[in-house]
Amino acid sequence: MFLIFPDGFNFDDLKKQRDLLLKIYISISNQSDLDKLAQNIDNLLTNNNDIYVHLSRIKSEFTRKMTTNLADNYIVKGQKSYPKKITLDRSKTNIDVIRKFFNIR
């Protein structure tokens, strides 16, 4: 999600992107139970603290597996009440293919 939206977004806006988030998770998850996957997304979106727990875990994995300078590009950042985003240079990704795949402008 954060690659798709370079300007980032507030977590409240993430709720508006539920369907897109679900499509992304379906395409990358090995979870075969779609109802359970949808429920997991809904749980994430209804409990405001859950997103921070997940982002903390993701940050830990990036910093554990990469140098700090490299991991820093992938870590979601942003001050409270401001959009959260990642700083990765999108010209070095295939994000345009992903945008086209999900029909995102």
# chains A, B, ... in the order shown; residues from 1 in each chain; ligands from 1

$ select_by_dssp --residues "chain A" --states "alpha helix (DSSP H)" --output "ChimeraX atom specification"
/A:11-14,18-28,34-46,48-65,68-71,95-101

$ residues_around --residues "A:Ile24" --least-positions-apart "6" --cutoff "10 Å" --atoms "only C-alpha atoms" --output "MDAnalysis selection string"
chainID A and resid 1 18 98 102

$ residues_around --residues "A:Lys80" --least-positions-apart "4" --cutoff "10 Å" --atoms "only C-alpha atoms" --output "ChimeraX atom specification"
/A:10-11,84

$ closest_residue --among "A:Leu45, A:Phe9, A:Lys65, A:Ile95" --to "A:Leu22" --atoms "only C-alpha atoms"
A:Leu45

$ closest_residue --among "A:Ser27, A:Thr67, A:Asn48, A:Asn103" --to "A:Leu14" --atoms "only C-alpha atoms"
A:Asn48

$ atom_distance --atom1 "atom CA of A:Tyr74" --atom2 "atom CA of A:Ala38"
24.9 Å

$ residues_around --residues "A:Leu88" --least-positions-apart "4" --cutoff "10 Å" --atoms "only C-alpha atoms" --output "short mmCIF file (atom, residue, chain, number, x, y, z; two decimals) with all heavy atoms, in the first residue's frame"
data_model
loop_
_atom_site.label_atom_id
_atom_site.label_comp_id
_atom_site.auth_asym_id
_atom_site.auth_seq_id
_atom_site.Cartn_x
_atom_site.Cartn_y
_atom_site.Cartn_z
N PHE A 2 1.94 1.22 0.78
CA PHE A 2 2.75 2.42 0.89
C PHE A 2 3.58 2.67 -0.36
O PHE A 2 3.95 3.81 -0.63
CB PHE A 2 3.63 2.35 2.14
CG PHE A 2 2.83 2.43 3.41
CD1 PHE A 2 2.47 1.29 4.09
CD2 PHE A 2 2.41 3.65 3.90
CE1 PHE A 2 1.72 1.36 5.24
CE2 PHE A 2 1.66 3.73 5.05
CZ PHE A 2 1.30 2.58 5.73
N LEU A 3 3.87 1.64 -1.12
CA LEU A 3 4.53 1.85 -2.41
C LEU A 3 3.57 2.49 -3.40
O LEU A 3 3.96 3.33 -4.20
CB LEU A 3 5.01 0.52 -2.99
CG LEU A 3 6.38 0.05 -2.59
CD1 LEU A 3 6.65 -1.34 -3.16
CD2 LEU A 3 7.45 1.01 -3.00
N PRO A 6 2.80 7.22 -2.94
CA PRO A 6 4.07 7.84 -2.55
C PRO A 6 3.93 8.99 -1.54
O PRO A 6 4.85 9.25 -0.77
CB PRO A 6 4.67 8.33 -3.85
CG PRO A 6 3.62 8.23 -4.87
CD PRO A 6 2.55 7.33 -4.36
N LEU A 70 19.70 0.77 4.35
CA LEU A 70 18.81 0.16 3.37
C LEU A 70 17.41 -0.02 3.95
O LEU A 70 16.41 0.34 3.31
CB LEU A 70 19.37 -1.18 2.91
CG LEU A 70 18.62 -1.89 1.80
CD1 LEU A 70 18.52 -1.02 0.56
CD2 LEU A 70 19.31 -3.20 1.47
N ALA A 71 17.32 -0.53 5.14
CA ALA A 71 16.01 -0.76 5.79
C ALA A 71 15.24 0.54 5.94
O ALA A 71 14.01 0.55 5.83
CB ALA A 71 16.22 -1.42 7.15
N ASP A 72 15.95 1.62 6.17
CA ASP A 72 15.32 2.92 6.39
C ASP A 72 14.40 3.31 5.22
O ASP A 72 13.42 4.01 5.41
CB ASP A 72 16.40 3.98 6.61
CG ASP A 72 15.86 5.23 7.21
OD1 ASP A 72 15.16 5.14 8.24
OD2 ASP A 72 16.12 6.32 6.64
N ASN A 73 14.71 2.86 4.02
CA ASN A 73 13.90 3.17 2.84
C ASN A 73 12.56 2.46 2.83
O ASN A 73 11.63 2.87 2.15
CB ASN A 73 14.65 2.80 1.56
CG ASN A 73 15.84 3.67 1.34
OD1 ASN A 73 15.73 4.87 1.19
ND2 ASN A 73 17.00 3.06 1.36
N TYR A 74 12.45 1.36 3.56
CA TYR A 74 11.25 0.52 3.54
C TYR A 74 10.37 0.71 4.77
O TYR A 74 9.25 0.21 4.81
CB TYR A 74 11.65 -0.96 3.46
CG TYR A 74 12.33 -1.32 2.17
CD1 TYR A 74 13.72 -1.20 2.03
CD2 TYR A 74 11.59 -1.78 1.09
CE1 TYR A 74 14.34 -1.54 0.84
CE2 TYR A 74 12.21 -2.12 -0.10
CZ TYR A 74 13.59 -1.99 -0.21
OH TYR A 74 14.20 -2.32 -1.38
N ILE A 75 10.86 1.37 5.77
CA ILE A 75 10.15 1.52 7.03
C ILE A 75 9.11 2.65 6.92
O ILE A 75 9.42 3.74 6.46
CB ILE A 75 11.13 1.78 8.18
CG1 ILE A 75 12.03 0.55 8.36
CG2 ILE A 75 10.40 2.13 9.46
CD1 ILE A 75 13.19 0.77 9.31
N VAL A 76 7.91 2.35 7.34
CA VAL A 76 6.82 3.33 7.32
C VAL A 76 7.08 4.36 8.41
O VAL A 76 7.30 4.02 9.57
CB VAL A 76 5.46 2.65 7.53
CG1 VAL A 76 4.34 3.67 7.60
CG2 VAL A 76 5.20 1.63 6.44
N LYS A 92 13.01 2.60 -8.82
CA LYS A 92 13.79 1.37 -8.72
C LYS A 92 12.91 0.17 -8.38
O LYS A 92 13.39 -0.85 -7.92
CB LYS A 92 14.89 1.53 -7.67
CG LYS A 92 15.87 2.61 -8.07
CD LYS A 92 16.94 2.81 -7.07
CE LYS A 92 17.87 3.81 -7.68
NZ LYS A 92 18.64 4.61 -6.97
N THR A 93 11.61 0.31 -8.59
CA THR A 93 10.66 -0.76 -8.29
C THR A 93 9.81 -1.05 -9.52
O THR A 93 9.90 -0.34 -10.54
CB THR A 93 9.71 -0.36 -7.14
OG1 THR A 93 8.80 0.65 -7.62
CG2 THR A 93 10.46 0.15 -5.93
#
